[in-house]
Structures are given as C-alpha cells and as structure tokens.
$ cat entry-v1.pdb   # PDB, C-alpha atoms
ATOM      1  CA  MET J   1      11.869 -56.044 183.154
ATOM      2  CA  LEU J   2      12.597 -52.768 181.330
ATOM      3  CA  ALA J   3       9.837 -53.469 178.805
ATOM      4  CA  ARG J   4       7.416 -54.118 181.666
ATOM      5  CA  ARG J   5       8.349 -50.798 183.320
ATOM      6  CA  ILE J   6       7.790 -48.946 180.035
ATOM      7  CA  GLN J   7       4.431 -50.695 179.614
ATOM      8  CA  ARG J   8       3.310 -49.693 183.135
ATOM      9  CA  ARG J   9       4.411 -46.094 182.542
ATOM     10  CA  CYS J  10       2.467 -45.932 179.241
ATOM     11  CA  LEU J  11      -0.626 -47.355 180.920
ATOM     12  CA  SER J  12      -0.269 -44.880 183.791
ATOM     13  CA  GLU J  13      -0.063 -42.030 181.302
ATOM     14  CA  MET J  14      -3.139 -43.355 179.483
ATOM     15  CA  ALA J  15      -5.030 -43.650 182.790
ATOM     16  CA  GLU J  16      -4.049 -40.098 183.686
ATOM     17  CA  LYS J  17      -5.385 -38.778 180.383
ATOM     18  CA  VAL J  18      -8.623 -40.767 180.812
ATOM     19  CA  LEU J  19      -9.087 -39.209 184.256
ATOM     20  CA  LYS J  20      -8.615 -35.790 182.673
ATOM     21  CA  GLY J  21     -11.443 -36.579 180.252
ATOM     22  CA  ASP J  22      -9.353 -36.682 177.074
ATOM     23  CA  ARG J  23     -11.772 -38.102 174.491
ATOM     24  CA  ARG J  24      -9.155 -39.452 172.124
ATOM     25  CA  THR J  25      -7.544 -41.375 174.959
ATOM     26  CA  VAL J  26     -10.928 -42.667 176.141
ATOM     27  CA  SER J  27     -11.534 -44.017 172.617
ATOM     28  CA  ARG J  28      -8.087 -45.646 172.535
ATOM     29  CA  ALA J  29      -8.705 -47.169 175.965
ATOM     30  CA  ILE J  30     -12.069 -48.628 174.909
ATOM     31  CA  THR J  31     -10.466 -50.058 171.757
ATOM     32  CA  LEU J  32      -7.849 -51.674 174.004
ATOM     33  CA  ILE J  33     -10.402 -53.340 176.294
ATOM     34  CA  GLU J  34     -12.442 -54.541 173.283
ATOM     35  CA  SER J  35      -9.409 -56.250 171.732
ATOM     36  CA  SER J  36      -9.246 -60.049 171.671
ATOM     37  CA  ASN J  37      -5.412 -60.009 171.603
ATOM     38  CA  GLU J  38      -4.140 -61.606 174.826
ATOM     39  CA  ASN J  39      -1.430 -58.976 175.404
ATOM     40  CA  HIS J  40      -3.960 -56.206 174.894
ATOM     41  CA  ARG J  41      -6.326 -57.887 177.334
ATOM     42  CA  ARG J  42      -3.633 -57.978 180.004
ATOM     43  CA  GLU J  43      -2.910 -54.301 179.443
ATOM     44  CA  ALA J  44      -6.631 -53.527 179.615
ATOM     45  CA  ASP J  45      -6.896 -55.318 182.975
ATOM     46  CA  LEU J  46      -4.119 -53.146 184.407
ATOM     47  CA  LEU J  47      -5.630 -49.989 182.932
ATOM     48  CA  LEU J  48      -9.065 -50.700 184.414
ATOM     49  CA  GLN J  49      -7.512 -51.301 187.832
ATOM     50  CA  GLU J  50      -5.549 -48.073 187.522
ATOM     51  CA  VAL J  51      -8.660 -45.952 186.887
ATOM     52  CA  ALA J  52     -10.694 -47.925 189.450
ATOM     53  CA  ASN J  53      -8.235 -46.833 192.150
ATOM     54  CA  PHE J  54      -9.327 -43.239 191.578
ATOM     55  CA  GLU J  55     -12.285 -42.554 193.859
ATOM     56  CA  GLY J  56     -14.764 -39.709 194.026
ATOM     57  CA  ARG J  57     -16.497 -40.011 190.637
ATOM     58  CA  SER J  58     -19.872 -41.629 190.151
ATOM     59  CA  SER J  59     -21.952 -41.691 186.973
ATOM     60  CA  PHE J  60     -25.615 -42.530 186.573
ATOM     61  CA  ARG J  61     -26.095 -45.398 184.118
ATOM     62  CA  ILE J  62     -29.320 -45.781 182.173
ATOM     63  CA  ALA J  63     -29.889 -48.648 179.726
ATOM     64  CA  ILE J  64     -32.377 -48.086 176.906
ATOM     65  CA  SER J  65     -33.941 -50.960 175.011
ATOM     66  CA  GLY J  66     -36.780 -51.443 172.575
ATOM     67  CA  PRO J  67     -37.722 -53.109 169.292
ATOM     68  CA  PRO J  68     -36.353 -51.854 165.948
ATOM     69  CA  GLY J  69     -38.238 -48.751 164.848
ATOM     70  CA  ALA J  70     -39.093 -47.625 168.385
ATOM     71  CA  GLY J  71     -36.937 -44.531 167.883
ATOM     72  CA  LYS J  72     -34.220 -45.285 170.451
ATOM     73  CA  SER J  73     -31.456 -43.355 168.670
ATOM     74  CA  CYS J  74     -33.651 -40.295 168.079
ATOM     75  CA  PHE J  75     -34.733 -40.357 171.713
ATOM     76  CA  ILE J  76     -31.157 -40.647 172.960
ATOM     77  CA  GLU J  77     -30.155 -37.648 170.876
ATOM     78  CA  ALA J  78     -33.084 -35.636 172.286
ATOM     79  CA  LEU J  79     -32.339 -36.755 175.861
ATOM     80  CA  GLY J  80     -28.595 -36.167 175.489
ATOM     81  CA  THR J  81     -29.212 -32.684 174.129
ATOM     82  CA  HIS J  82     -31.557 -31.913 177.044
ATOM     83  CA  LEU J  83     -29.015 -33.142 179.590
ATOM     84  CA  THR J  84     -26.075 -31.250 178.105
ATOM     85  CA  GLU J  85     -27.749 -27.990 177.108
ATOM     86  CA  ASN J  86     -30.423 -27.578 179.793
ATOM     87  CA  LEU J  87     -28.929 -29.380 182.796
ATOM     88  CA  GLY J  88     -25.212 -28.869 182.119
ATOM     89  CA  LYS J  89     -24.386 -32.583 182.241
ATOM     90  CA  LYS J  90     -21.595 -34.446 180.474
ATOM     91  CA  VAL J  91     -23.078 -37.446 178.662
ATOM     92  CA  ALA J  92     -21.484 -40.615 177.273
ATOM     93  CA  VAL J  93     -23.491 -42.834 174.917
ATOM     94  CA  LEU J  94     -22.458 -46.465 174.414
ATOM     95  CA  THR J  95     -24.409 -47.972 171.521
ATOM     96  CA  ILE J  96     -24.416 -51.701 170.786
ATOM     97  CA  ASP J  97     -24.829 -53.033 167.250
ATOM     98  CA  PRO J  98     -25.388 -56.705 166.335
ATOM     99  CA  SER J  99     -22.524 -58.560 164.688
ATOM    100  CA  SER J 100     -23.132 -60.689 161.615
ATOM    101  CA  THR J 101     -23.148 -64.428 162.335
ATOM    102  CA  ILE J 102     -21.675 -64.951 158.855
ATOM    103  CA  SER J 103     -18.946 -62.322 158.434
ATOM    104  CA  GLY J 104     -18.596 -61.201 162.058
ATOM    105  CA  GLY J 105     -18.869 -57.584 160.911
ATOM    106  CA  SER J 106     -21.100 -54.832 162.274
ATOM    107  CA  LEU J 107     -22.504 -51.662 160.685
ATOM    108  CA  LEU J 108     -22.046 -49.440 163.789
ATOM    109  CA  GLY J 109     -24.497 -46.967 162.282
ATOM    110  CA  ASP J 110     -25.999 -45.548 165.495
ATOM    111  CA  LYS J 111     -23.499 -42.690 165.591
ATOM    112  CA  THR J 112     -24.680 -41.438 162.199
ATOM    113  CA  ARG J 113     -28.241 -41.221 163.559
ATOM    114  CA  MET J 114     -27.023 -38.993 166.386
ATOM    115  CA  ASP J 115     -25.342 -36.361 164.256
ATOM    116  CA  LYS J 116     -25.999 -33.443 166.643
ATOM    117  CA  LEU J 117     -24.958 -35.315 169.749
ATOM    118  CA  SER J 118     -21.837 -36.636 168.009
ATOM    119  CA  ILE J 119     -20.457 -33.098 167.643
ATOM    120  CA  ASN J 120     -21.701 -31.870 171.029
ATOM    121  CA  PRO J 121     -18.623 -30.872 173.101
ATOM    122  CA  ASN J 122     -20.237 -32.246 176.280
ATOM    123  CA  ALA J 123     -21.216 -35.592 174.757
ATOM    124  CA  TYR J 124     -19.312 -38.674 173.659
ATOM    125  CA  VAL J 125     -20.802 -41.370 171.404
ATOM    126  CA  ARG J 126     -19.125 -44.764 171.042
ATOM    127  CA  PRO J 127     -20.605 -47.623 168.952
ATOM    128  CA  SER J 128     -19.472 -51.196 169.652
ATOM    129  CA  PRO J 129     -20.256 -54.608 168.103
ATOM    130  CA  THR J 130     -21.744 -57.465 170.147
ATOM    131  CA  LYS J 131     -19.304 -60.046 168.713
ATOM    132  CA  GLY J 132     -21.837 -62.745 169.536
ATOM    133  CA  CYS J 133     -22.349 -61.643 173.142
ATOM    134  CA  LEU J 134     -25.896 -62.056 174.484
ATOM    135  CA  GLY J 135     -27.748 -59.879 176.979
ATOM    136  CA  GLY J 136     -28.252 -56.890 174.681
ATOM    137  CA  VAL J 137     -24.750 -55.567 175.335
ATOM    138  CA  ALA J 138     -21.175 -56.233 174.216
ATOM    139  CA  GLU J 139     -18.626 -58.097 176.335
ATOM    140  CA  ALA J 140     -16.754 -54.891 177.171
ATOM    141  CA  THR J 141     -19.771 -52.594 177.694
ATOM    142  CA  TYR J 142     -19.475 -52.580 181.481
ATOM    143  CA  ASP J 143     -15.724 -51.926 181.309
ATOM    144  CA  SER J 144     -16.328 -49.132 178.796
ATOM    145  CA  SER J 145     -18.815 -47.552 181.188
ATOM    146  CA  GLN J 146     -16.171 -47.681 183.927
ATOM    147  CA  LEU J 147     -13.764 -45.749 181.704
ATOM    148  CA  CYS J 148     -16.457 -43.173 180.901
ATOM    149  CA  GLU J 149     -17.203 -42.810 184.603
ATOM    150  CA  ALA J 150     -13.508 -42.255 185.324
ATOM    151  CA  ALA J 151     -13.409 -39.675 182.509
ATOM    152  CA  GLY J 152     -15.969 -37.584 184.381
ATOM    153  CA  PHE J 153     -19.186 -38.199 182.439
ATOM    154  CA  ASP J 154     -22.207 -37.550 184.659
ATOM    155  CA  VAL J 155     -24.646 -39.738 182.728
ATOM    156  CA  ILE J 156     -23.855 -42.898 180.755
ATOM    157  CA  ILE J 157     -26.538 -44.027 178.315
ATOM    158  CA  ILE J 158     -26.356 -47.626 177.074
ATOM    159  CA  GLU J 159     -28.403 -48.371 173.958
ATOM    160  CA  THR J 160     -28.896 -52.116 173.717
ATOM    161  CA  VAL J 161     -28.760 -54.173 170.542
ATOM    162  CA  GLY J 162     -32.484 -54.898 170.488
ATOM    163  CA  VAL J 163     -35.272 -56.270 172.584
ATOM    164  CA  GLY J 164     -35.960 -59.708 174.026
ATOM    165  CA  GLN J 165     -35.686 -62.038 176.996
ATOM    166  CA  SER J 166     -31.865 -61.789 177.024
ATOM    167  CA  GLU J 167     -31.787 -58.044 177.721
ATOM    168  CA  VAL J 168     -31.519 -58.718 181.472
ATOM    169  CA  ALA J 169     -27.723 -58.195 181.366
ATOM    170  CA  ALA J 170     -28.271 -54.608 180.230
ATOM    171  CA  ARG J 171     -30.762 -54.108 183.036
ATOM    172  CA  ASN J 172     -28.395 -55.522 185.654
ATOM    173  CA  MET J 173     -25.459 -53.282 184.711
ATOM    174  CA  SER J 174     -27.548 -50.103 184.724
ATOM    175  CA  ASP J 175     -29.046 -47.993 187.500
ATOM    176  CA  CYS J 176     -32.296 -47.609 185.553
ATOM    177  CA  PHE J 177     -33.673 -49.715 182.714
ATOM    178  CA  LEU J 178     -35.892 -47.827 180.266
ATOM    179  CA  LEU J 179     -38.032 -49.743 177.770
ATOM    180  CA  MET J 180     -39.148 -47.841 174.672
ATOM    181  CA  LEU J 181     -42.107 -49.101 172.655
ATOM    182  CA  PRO J 182     -43.696 -47.686 169.494
ATOM    183  CA  PRO J 183     -47.455 -47.003 169.451
ATOM    184  CA  SER J 184     -49.659 -50.100 169.069
ATOM    185  CA  SER J 185     -46.706 -52.436 169.657
ATOM    186  CA  GLY J 186     -48.997 -54.808 171.517
ATOM    187  CA  ASP J 187     -52.155 -55.368 173.507
ATOM    188  CA  GLU J 188     -52.370 -56.230 177.208
ATOM    189  CA  LEU J 189     -51.628 -59.910 176.669
ATOM    190  CA  GLN J 190     -48.467 -59.195 174.680
ATOM    191  CA  GLY J 191     -47.334 -56.801 177.388
ATOM    192  CA  ILE J 192     -47.647 -59.536 179.981
ATOM    193  CA  LYS J 193     -45.840 -62.126 177.867
ATOM    194  CA  LYS J 194     -42.777 -60.073 177.058
ATOM    195  CA  GLY J 195     -40.129 -60.861 179.655
ATOM    196  CA  ILE J 196     -38.456 -57.529 179.044
ATOM    197  CA  VAL J 197     -41.558 -55.641 180.205
ATOM    198  CA  GLU J 198     -41.269 -57.426 183.548
ATOM    199  CA  VAL J 199     -37.754 -56.078 184.213
ATOM    200  CA  ALA J 200     -38.308 -52.523 182.956
ATOM    201  CA  ASP J 201     -38.073 -49.767 185.562
ATOM    202  CA  ILE J 202     -39.823 -47.281 183.279
ATOM    203  CA  VAL J 203     -41.789 -47.814 180.056
ATOM    204  CA  CYS J 204     -42.111 -45.088 177.437
ATOM    205  CA  ILE J 205     -44.370 -45.063 174.374
ATOM    206  CA  THR J 206     -42.607 -43.153 171.616
ATOM    207  CA  LYS J 207     -43.782 -41.100 168.622
ATOM    208  CA  ALA J 208     -46.573 -39.381 170.579
ATOM    209  CA  ASP J 209     -47.060 -36.653 167.999
ATOM    210  CA  GLY J 210     -49.111 -35.923 164.890
ATOM    211  CA  SER J 211     -51.215 -38.745 163.541
ATOM    212  CA  THR J 212     -49.801 -41.313 166.005
ATOM    213  CA  GLU J 213     -50.391 -39.284 169.186
ATOM    214  CA  LYS J 214     -53.822 -40.810 169.912
ATOM    215  CA  LEU J 215     -52.437 -44.284 169.187
ATOM    216  CA  ALA J 216     -49.583 -43.646 171.615
ATOM    217  CA  LYS J 217     -52.013 -42.573 174.343
ATOM    218  CA  ARG J 218     -54.075 -45.706 173.754
ATOM    219  CA  SER J 219     -50.971 -47.886 173.984
ATOM    220  CA  GLN J 220     -50.051 -46.093 177.201
ATOM    221  CA  VAL J 221     -53.389 -47.052 178.760
ATOM    222  CA  GLU J 222     -53.064 -50.680 177.591
ATOM    223  CA  TYR J 223     -49.583 -51.099 179.028
ATOM    224  CA  ARG J 224     -50.574 -49.499 182.320
ATOM    225  CA  LYS J 225     -53.319 -52.101 182.657
ATOM    226  CA  ALA J 226     -50.945 -54.912 181.719
ATOM    227  CA  LEU J 227     -48.284 -53.821 184.207
ATOM    228  CA  GLN J 228     -50.817 -53.962 187.028
ATOM    229  CA  LEU J 229     -50.806 -57.749 186.572
ATOM    230  CA  ILE J 230     -47.024 -58.100 186.694
ATOM    231  CA  ARG J 231     -45.195 -58.580 189.982
ATOM    232  CA  PRO J 232     -42.337 -56.121 190.636
ATOM    233  CA  PHE J 233     -38.940 -57.554 189.682
ATOM    234  CA  GLY J 234     -35.980 -57.754 192.092
ATOM    235  CA  ARG J 235     -35.987 -55.609 195.238
ATOM    236  CA  CYS J 236     -38.355 -52.985 193.766
ATOM    237  CA  THR J 237     -41.317 -54.488 195.611
ATOM    238  CA  ASP J 238     -42.929 -51.079 196.058
ATOM    239  CA  TRP J 239     -42.195 -49.797 192.546
ATOM    240  CA  ARG J 240     -44.570 -50.198 189.614
ATOM    241  CA  ALA J 241     -43.038 -49.228 186.302
ATOM    242  CA  PRO J 242     -44.761 -46.032 185.145
ATOM    243  CA  VAL J 243     -45.797 -45.765 181.489
ATOM    244  CA  LEU J 244     -45.067 -42.416 179.864
ATOM    245  CA  THR J 245     -45.261 -41.011 176.338
ATOM    246  CA  CYS J 246     -42.770 -38.853 174.491
ATOM    247  CA  SER J 247     -41.929 -37.431 171.082
ATOM    248  CA  SER J 248     -38.299 -36.931 170.090
ATOM    249  CA  LYS J 249     -39.391 -35.183 166.903
ATOM    250  CA  ALA J 250     -41.549 -32.605 168.733
ATOM    251  CA  ASN J 251     -39.285 -32.656 171.820
ATOM    252  CA  LYS J 252     -42.273 -33.496 174.048
ATOM    253  CA  GLY J 253     -42.071 -35.444 177.278
ATOM    254  CA  ILE J 254     -38.254 -35.627 177.340
ATOM    255  CA  SER J 255     -37.702 -33.533 180.482
ATOM    256  CA  GLU J 256     -40.665 -35.183 182.226
ATOM    257  CA  LEU J 257     -39.238 -38.618 181.503
ATOM    258  CA  TRP J 258     -35.840 -37.640 182.909
ATOM    259  CA  GLU J 259     -37.525 -36.320 186.049
ATOM    260  CA  LYS J 260     -39.191 -39.719 186.442
ATOM    261  CA  VAL J 261     -35.801 -41.432 186.022
ATOM    262  CA  MET J 262     -34.325 -39.261 188.781
ATOM    263  CA  PHE J 263     -37.350 -39.951 190.976
ATOM    264  CA  PHE J 264     -36.781 -43.691 190.532
ATOM    265  CA  ALA J 265     -33.096 -43.255 191.455
ATOM    266  CA  SER J 266     -33.976 -41.405 194.665
ATOM    267  CA  GLU J 267     -36.817 -43.735 195.645
ATOM    268  CA  GLN J 268     -34.876 -46.933 194.928
ATOM    269  CA  LYS J 269     -31.398 -46.093 196.237
ATOM    270  CA  GLU J 270     -30.916 -49.494 197.865
ATOM    271  CA  GLU J 271     -31.964 -51.314 194.679
ATOM    272  CA  VAL J 272     -29.598 -49.232 192.535
ATOM    273  CA  GLU J 273     -26.685 -49.860 194.910
ATOM    274  CA  ALA J 274     -27.473 -53.575 195.148
ATOM    275  CA  ARG J 275     -27.519 -53.878 191.337
ATOM    276  CA  ARG J 276     -24.049 -52.359 191.132
ATOM    277  CA  HIS J 277     -22.615 -54.736 193.731
ATOM    278  CA  GLU J 278     -24.266 -57.827 192.281
ATOM    279  CA  PHE J 279     -23.269 -57.057 188.711
ATOM    280  CA  ARG J 280     -19.605 -56.762 189.710
ATOM    281  CA  VAL J 281     -19.778 -60.362 190.936
ATOM    282  CA  GLU J 282     -21.707 -61.388 187.803
ATOM    283  CA  ARG J 283     -19.022 -59.713 185.693
ATOM    284  CA  LEU J 284     -16.335 -61.633 187.595
ATOM    285  CA  TRP J 285     -17.819 -65.010 186.665
ATOM    286  CA  ASP J 286     -18.465 -63.903 183.087
ATOM    287  CA  SER J 287     -14.774 -62.987 182.840
ATOM    288  CA  ILE J 288     -13.739 -66.354 184.288
ATOM    289  CA  ARG J 289     -15.836 -68.245 181.719
ATOM    290  CA  THR J 290     -14.525 -66.087 178.877
ATOM    291  CA  ASP J 291     -10.883 -66.409 179.942
ATOM    292  CA  ILE J 292     -11.089 -70.200 180.320
ATOM    293  CA  THR J 293     -12.582 -70.483 176.827
ATOM    294  CA  ARG J 294      -9.875 -68.238 175.368
ATOM    295  CA  ARG J 295      -7.074 -70.193 177.056
ATOM    296  CA  ILE J 296      -8.409 -73.513 175.817
ATOM    297  CA  GLU J 297      -8.683 -72.142 172.275
ATOM    298  CA  SER J 298      -5.172 -70.626 172.401
ATOM    299  CA  ASP J 299      -3.552 -73.906 173.547
ATOM    300  CA  GLN J 300      -2.807 -75.910 170.388
ATOM    301  CA  LYS J 301      -3.130 -79.367 171.988
ATOM    302  CA  MET J 302      -6.267 -78.394 173.854
ATOM    303  CA  SER J 303      -7.712 -76.765 170.762
ATOM    304  CA  ASP J 304      -7.161 -79.928 168.706
ATOM    305  CA  SER J 305      -8.746 -82.075 171.423
ATOM    306  CA  ALA J 306     -11.698 -79.674 171.686
ATOM    307  CA  LYS J 307     -12.189 -79.816 167.912
ATOM    308  CA  GLN J 308     -12.277 -83.643 167.977
ATOM    309  CA  LEU J 309     -14.832 -83.660 170.783
ATOM    310  CA  THR J 310     -16.826 -80.945 169.019
ATOM    311  CA  GLU J 311     -16.966 -83.117 165.923
ATOM    312  CA  GLY J 312     -18.120 -86.025 168.101
ATOM    313  CA  VAL J 313     -20.913 -83.858 169.509
ATOM    314  CA  ARG J 314     -21.903 -82.806 165.983
ATOM    315  CA  LYS J 315     -22.162 -86.458 164.884
ATOM    316  CA  GLY J 316     -24.026 -87.464 168.037
ATOM    317  CA  ASP J 317     -21.255 -89.785 169.279
ATOM    318  CA  ILE J 318     -20.981 -87.960 172.617
ATOM    319  CA  VAL J 319     -23.387 -85.738 174.540
ATOM    320  CA  PRO J 320     -22.392 -82.050 174.993
ATOM    321  CA  ARG J 321     -22.195 -82.211 178.816
ATOM    322  CA  LEU J 322     -19.767 -85.139 178.810
ATOM    323  CA  ALA J 323     -17.652 -83.536 176.066
ATOM    324  CA  SER J 324     -17.524 -80.317 178.078
ATOM    325  CA  ARG J 325     -16.364 -82.173 181.168
ATOM    326  CA  LYS J 326     -13.636 -83.971 179.215
ATOM    327  CA  ILE J 327     -12.341 -80.675 177.795
ATOM    328  CA  LEU J 328     -12.294 -78.969 181.198
ATOM    329  CA  ASP J 329     -10.687 -81.978 182.935
ATOM    330  CA  ALA J 330      -7.960 -82.097 180.272
ATOM    331  CA  TRP J 331      -7.360 -78.348 180.603
ATOM    332  CA  LEU J 332      -7.148 -78.552 184.410
ATOM    333  CA  LEU J 333      -4.642 -81.402 184.038
ATOM    334  CA  THR J 334      -2.397 -79.226 181.832
ATOM    335  CA  GLN J 335      -2.596 -76.435 184.443
ATOM    336  CA  THR J 336      -1.608 -78.833 187.243
ATOM    337  CA  SER J 337       1.299 -80.163 185.181
ATOM    338  CA  ALA J 338       2.496 -76.644 184.404
ATOM    339  CA  ALA J 339       2.435 -75.736 188.106
TER     340      ALA J 339
END

$ encode --input "entry-v1.pdb" --output "structure tokens"
Amino acid sequence: MLARRIQRRCLSEMAEKVLKGDRRTVSRAITLIESSNENHRREADLLLQEVANFEGRSSFRIAISGPPGAGKSCFIEALGTHLTENLGKKVAVLTIDPSSTISGGSLLGDKTRMDKLSINPNAYVRPSPTKGCLGGVAEATYDSSQLCEAAGFDVIIIETVGVGQSEVAARNMSDCFLLMLPPSSGDELQGIKKGIVEVADIVCITKADGSTEKLAKRSQVEYRKALQLIRPFGRCTDWRAPVLTCSSKANKGISELWEKVMFFASEQKEEVEARRHEFRVERLWDSIRTDITRRIESDQKMSDSAKQLTEGVRKGDIVPRLASRKILDAWLLTQTSAA
C-alpha cells in the first residue's frame, strides 16, 4: 500500500512537470509509455489519465508522409522554424523510424537532419522506432502526442515512417494529413493508383527550386488532374486536396502551405473533430488487441501452447484461424478460472 502511494505521488509529480512543459520530463514520460515492461505500462496508463484530466489545452496535429527522398525532414525543419520564429508557436515533432526485422534496432536519424530545430528553444524533436507497428506510426505515437499537447505545444508534427497503403493510421490520428512528393514521382495513372493520395488532405510537390523547379510545376499539374478523378475520402465531400509546391532549401512556399493547412482546419471543423473522436475508439481496440497478445505471451502455459499451435500452423497441420480460436479460448478459460 505504501509503495503504491509513493508510485502515485511520483506519477503526479511527473504529470505536474509535463503540464509545466518541462522537456526532460516529457522525454522521460514518452520513454515510459514506449516501454514494453508491464509495470511501466501500468504506470504509463495512470500518467496518461492524469494529464488527460487537465482540460483547456488543444494542439493542432499534422501528419506528414511521403516516399524516401521527398525531403520530409528538411521541410519539417523549415516549417517548424517558420512556426516558431514567425508565428510564435511552440512545436513538437514526433518522427517515426522503421525498426529492423532482423535485429529490432532503429537508426533514429531524423533528429540529426533537423539540427536547427533540435536546438530551437520553442521546438521539441523526439524520434521513435516502429517496433513492427504498421500504419506509418509507432504504437505509442498517439499517446506521445497527448503528452506533447498537455505540455503546451501548439502544433504537433508527426513524420511517418514512409509511404504506402498502410499510412491511414497516421491520417486518422492527425487533424490534417499532408502528402509530400518529389518532382516527377509519377504520372496521372500512378497518382490514381496510390491509396495514400486518396486520403491526403493536402499534396505538396517538393524541391521546387533551381533545375527541378519546372519539373515540380509539371508534377503539380499532373497531380491536380489525377486528383480530379478521385472521390473525396471520409466526410470531406466538399474538399478536393489542393496540390502545392514548395522548396525547403530556398524557403519558398512554406508560409503559403501553412495558410492552406489552416484554411483546411477552418473549413473542415466537423471532419477534424470527428477524426479525433473516432481515433480514440480505434486506439481503444488497438490497445485491447495489444494487451491480450502481451498477456498470452507473458503467461508461461499459454505461451507454450501458443508456440505448439504456431508450429502446427507453420507445418500446415492447422489453419491460422482455428489455431487463433484455440489460443483465445484457452486464454479466456484461464481468466474464468482465475476469477
């Protein structure tokens, strides 16, 4: 009982420091919610509830995706600098790096590409590994954004791990989804085929400077034509994703793009609010699936049974759906017995 009281007091102190915007504490809190240790996860749940009880703060979340080489990190540094220096905003950047399927490690190199923003007193940059999580984000990205919101950051920028059909999770947890494409990244047909183009709220062609400026303008025209053939996604029935150009290197088009983002936010208030509400429910069921998997793996008997069935699936002795049902039925039986 005493240990539990001490734990609650420590978490309350941590929550208080997060609400005061203490960066070191924000980093410690994010590390806590990213931990796979069961005790840490319980503490993280209490911490998130503690900061969620504090009302009155609301951040604008923008997710940025695009293929490798599109210049996402350079753009984020240019946008973050514009927001902090010209508009007086506090900006948090959550970057997602892919984890190795072999070693499980991650380079987390995005912060090194944002050297100016990393030392900006009104900006906070936090890289995180995916740890095998799909959707372009890490498992704890949404929770990390909640902590940043509680810490008083006005804008939260989420840089996804890459580009593809699975980036919808990043779109759903953000208020605006920005797709960045390099010049000549595709013709009209490719633009129609890419599922990620269909869910983008705004499309931006990067590197519109020097020798690639004309190419960027041409790509802009091609994507505008392609987007005319795509039906609006979600509730944005009256919104067609605009296609803009920008240059992080020459600092061109950055302020205009942000103005377009703010215009989208004002024009699509109901859509933005609906996304927030729906993603909370989506996050709930994601957490349920994750917690059930963790509990099965942490139970020695269940883990052994799961391994045997997994081996049977590998050999083709049992189909995956039936094996899954057997594992879940056995786990539910242990829960009933324990109760």

$ resolve_selection --input "entry-v1.pdb" --expression "the PyMOL selection byres ((chain J and resi 69) around 10)" --output "MDAnalysis selection string"
chainID J and resid 66:68 70:73 180:182 206

$ residues_around --input "entry-v1.pdb" --residues "Ser145 (chain J)" --least-positions-apart "2" --cutoff "9 Å" --atoms "all atoms listed in the file" --output "compact mmCIF listing (two decimals) with C-alpha atoms, keeping the file's coordinate frame"
# COMPACT_ATOMS: atom_id res chain seq x y z
CA SER J 59 -21.95 -41.69 186.97
CA ARG J 61 -26.10 -45.40 184.12
CA ALA J 92 -21.48 -40.62 177.27
CA LEU J 94 -22.46 -46.46 174.41
CA ALA J 140 -16.75 -54.89 177.17
CA THR J 141 -19.77 -52.59 177.69
CA TYR J 142 -19.48 -52.58 181.48
CA ASP J 143 -15.72 -51.93 181.31
CA LEU J 147 -13.76 -45.75 181.70
CA CYS J 148 -16.46 -43.17 180.90
CA GLU J 149 -17.20 -42.81 184.60
CA ALA J 150 -13.51 -42.26 185.32
CA ILE J 156 -23.86 -42.90 180.76
CA ILE J 157 -26.54 -44.03 178.32
CA ILE J 158 -26.36 -47.63 177.07

$ atom_distance --input "entry-v1.pdb" --atom1 "CA of Val161 (chain J)" --atom2 "CA of Ser65 (chain J)"
7.6 Å

$ resolve_selection --input "entry-v1.pdb" --expression "the PyMOL selection byres ((chain J and resi 305) around 12)" --output "PyMOL selection string"
chain J and resi 296-297+299-304+306-312+323-324+326-331

$ axis_aligned_box --input "entry-v1.pdb" --around "region 13-28 of chain J" --padding-each-side "4 Å" --output "AutoDock Vina command-line options"
--center_x -5.9 --center_y -40.7 --center_z 178.2 --size_x 19.7 --size_y 17.9 --size_z 20.1
